[in-house]
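Colleague: Next up is a structure, given as structure tokens.
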Amino acid sequence: MKALTFDGVGKVKVVDKDKPKLELPNQAVLKLVRTTICGSDLHILQGHVPTVEQGRTLGHEGIGVVEEVGAEVKNFKKGDRVLIACITSCATCSFCKKSLYDACKTGGWRLGHLHDGTQAEYILMPYADSCLYPIPEGADERSLLVYSDILPTGLEVGVLRGHVTPGCTVAIVGAGPVGLAAAICAQLYSPGAIVFFDKDEFRLEVAKKVGATECYKASDAKEAREVSKKWFSDKDGFDVVIEAVGVPETFLMCQELVGIGGNIANVGVHGTKVDLHIDKLWPRSTTISMALVSSHTIPMLLDLMKAGKLDTSPLITHDFKFDEIEKAYDVFGRAAETKALKVNIE
Ligand code: NAD
Ligand code: ZN
């Protein structure tokens, strides 16, 4: 079978690998239907994730068809179409019982990291019963691709940790796939306003399509404060600020934008240290949260999709055949030029 692998810093390579075989009774083998590329795959390419070995099949998002299940798998059988969770959960350890699947004692972020991932013609899924979800009848599978990772990320790490509540004002810094997913989920809680900040005009246009109240072009804290002056009259800033970029400039921007008594929910993965102005934030009663996605909200998100309450179709911008996956990496990696958000690879 063909698999897209990490070939050292800056390089991916399609190679022939043996089709995976069941090794444990809780596993399933899936035939890939479609997959996508994540900002985290790019972090691996940039050499920021040293735990990924050369030759590892990348990818932790996708949809597949069950080919074979181990003796302990109860929920799935050959032929079932399934959504793959980006985080592997045993469902029984003390962390999984608290819905902290990312901290699972034998799971966590494994696919496309410590195990071969989803950017291959066949996938070996650990803990199949707790990491796969049935595809709802009649669902638009292309739009469902974002339910593996970025939609639960936007909800769990942005909206829920940021405590979006009815009527509150939400600033989202970063209108990439993750920030846009956070905006889609924030609307489930009827905030009073969702205001985006990004340096990329195309992405701010998409933010308007997914429900932004207002969009501002800004690339640092000073500029962000200047362009959004009108939001500072009441609580001196926003109730909830979601960081969906992962660079020091935008973490500073969040500290500038957060209002008195407000929350900063940091979603972005920071590869470096960032400045925290605790002297300015302490008297303003600021709460800061951060986490890796757990993915425990996927079943709830699928129910909301079935009820017609979530439209993620604007997040998928490009389509590729699996044979073109290296080209997909090139297009996704040059998103500012190519206007790519999430890419569908099938
Ligand atoms: P992305 O790179 O596609 O989007 C980032 C956006 O930030 C872009 O639109 C870019 O124009 C904007 N930006 C960059 N620098 C800026 C600046 N100085 N000022 C204003 N805007 C700026 O990334 P994404 O895929 O949307 O992911 C966002 C972050 O979330 C990444 O760090 C990713 O690794 C992280 N992430 C976290 C989790 C988690 O579990 N916490 C899960 C998935 C992704
Ligand atoms: Zn566990």
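Letters A, B, ... mark the chains of the structure tokens in the order given; residue numbers begin at 1 per chain; ligand numbers begin at 1, in order shown.
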Within 8 Å of Val82 (chain A), counting only C-alpha atoms, which residues qualify if same-chain residues fewer than 3 places away don't, as a list in words?
Modeller: Ile63, Gly64, Val65, Val66, Leu132, Tyr133, Pro134 and Ile135 of chain A
Colleague: Leaving out Glu214 (chain A) and any residue of its chain fewer than 6 positions from it, which residues lie within 7 Å of it when counting only C-alpha atoms, given as a list in words?
Modeller: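 Contacts, in chain order: Ile194, Val195 and Phe196 of chain A.
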Colleague: Can I get the selection written as a PDB file, in the first residue's frame, with N, CA and C atoms?
Modeller:
ATOM      1  N   ILE A 194     -18.623  37.980  17.774  1.00  0.00           N
ATOM      2  CA  ILE A 194     -17.399  37.213  17.502  1.00  0.00           C
ATOM      3  C   ILE A 194     -16.543  38.099  16.608  1.00  0.00           C
ATOM      4  N   VAL A 195     -15.405  38.523  17.121  1.00  0.00           N
ATOM      5  CA  VAL A 195     -14.561  39.484  16.414  1.00  0.00           C
ATOM      6  C   VAL A 195     -13.222  38.815  16.090  1.00  0.00           C
ATOM      7  N   PHE A 196     -12.858  38.809  14.801  1.00  0.00           N
ATOM      8  CA  PHE A 196     -11.628  38.141  14.369  1.00  0.00           C
ATOM      9  C   PHE A 196     -10.473  39.107  14.159  1.00  0.00           C
TER      10      PHE A 196
END
Colleague: Can you pull out the residues contacting Gly211 (chain A)? Cut-off 9 Å, using only C-alpha atoms, and skip same-chain residues under 4 positions away; I want them as a count of residues only.
Modeller: 6
Colleague: DSSP on the backbone: which residues in region 78-309 of chain A end up as strand (DSSP E)? Give the answer as a ChimeraX atom specification.
Modeller: /A:81-84,122-125,132-134,169-173,193-198,214-217,238-243,258-266,287-290
Colleague: So which residues touch Asp319 (chain A) within 7 Å, counting only C-alpha atoms, skipping near sequence neighbours fewer than 3 positions away, as a PyMOL selection string?
Modeller: chain A and resi 343-345
Colleague: Nearest to Val274 (chain A) among A:Gly158, A:Pro248, A:Pro299, A:Gly262, with distances taken over only C-alpha atoms: which residue is it?
Modeller: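 Between A:Gly158, A:Pro248, A:Pro299, A:Gly262, the residue approaching Val274 (chain A) most closely is A:Pro248.
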Colleague: Between CA of Met253 (chain A) and CA of Lys222 (chain A), what is the spacing in Å?
Modeller: 7.6 Å
Colleague: Report as JSON, numbers by chain all protein, DNA and RNA residues lying within 12 Å of Arg34 (chain A), evaluated on only C-alpha atoms, omitting residues in the same chain fewer than 6 positions from it.
Modeller: {"A": [59, 60, 61, 62, 63, 64, 65, 81, 82, 83, 84, 118, 119, 120, 121, 122, 123, 141, 142, 143, 144, 145, 146, 148, 319, 320, 321, 322, 323, 325, 343, 344, 345, 346]}
Colleague: Return as a list in words every polymer residue, whether protein, DNA or RNA, with at least one atom no more than 6 Å from an atom of ligand 1; count only C-alpha atoms and all ligand atoms.
Modeller: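 After applying the 6 Å limit, what remains is Cys38, Gly39, Ser40, Ile150, Thr153, Gly174, Ala175, Gly176, Pro177, Val178, Gly179, Asp198, Lys199, Asp200, Arg203, Ala218, Ser219, Asp220, Ala244, Val245, Gly246, Glu249, Thr250, Val267, Gly268, Val269, Ala291, Leu292 and Val293 of chain A.
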Colleague: Please list as a list in words every residue within 12 Å of Thr297 (chain A), counting only C-alpha atoms and excluding residues in the same chain fewer than 5 positions away.
Modeller: Ala85, Cys86, Ile87, Ser99, Leu100, Tyr101, Cys131, Tyr133, Tyr147, Ser148, Asp149, Ile150, Leu151, Pro152, Thr153, Gly154, Leu155, Glu156, Val157, Val159, Leu160, Cys185, Leu302, Asp303 and Leu304 of chain A
Colleague: Counting only C-alpha atoms and all ligand atoms, which protein, DNA or RNA residues come within 7 Å of ligand 2, given as a list of chain:residue names?
Modeller: A:Ser89, A:Cys90, A:Ala91, A:Thr92, A:Cys93, A:Ser94, A:Phe95, A:Cys96, A:Tyr101, A:Cys104, A:Lys105, A:Thr106, A:Gly107
Colleague: Could you tell me which of A:Leu30, A:Thr57, A:Thr51, A:Gly112 comes closest to Lys17 (chain A) if we count only C-alpha atoms?
Modeller: A:Thr57
Colleague: Looking at A:Leu32, A:Asp41, A:Glu256, A:Gly261, which one is nearest to Phe332 (chain A), with distances taken over only C-alpha atoms?
Modeller: A:Asp41
Colleague: Write out as a ChimeraX atom specification each polymer residue whose atoms come within 8 Å of Val73 (chain A), counting only C-alpha atoms; drop sequence neighbours fewer than 3 positions from it.
Modeller: /A:25-28,69-70,76,128-129
Colleague: Between A:Leu252, A:Met305, A:Ala336, A:Ile242, which has the minimum distance to Ala139 (chain A) (counting only C-alpha atoms)?
Modeller: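 Using only C-alpha atoms, the shortest distance to Ala139 (chain A) belongs to A:Met305.
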Colleague: Work out how far CA of Lys309 (chain A) is from CA of Thr287 (chain A), in Å to one decimal.
Modeller: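 Between CA of Thr287 (chain A) and CA of Lys309 (chain A) the gap is 29.3 Å.
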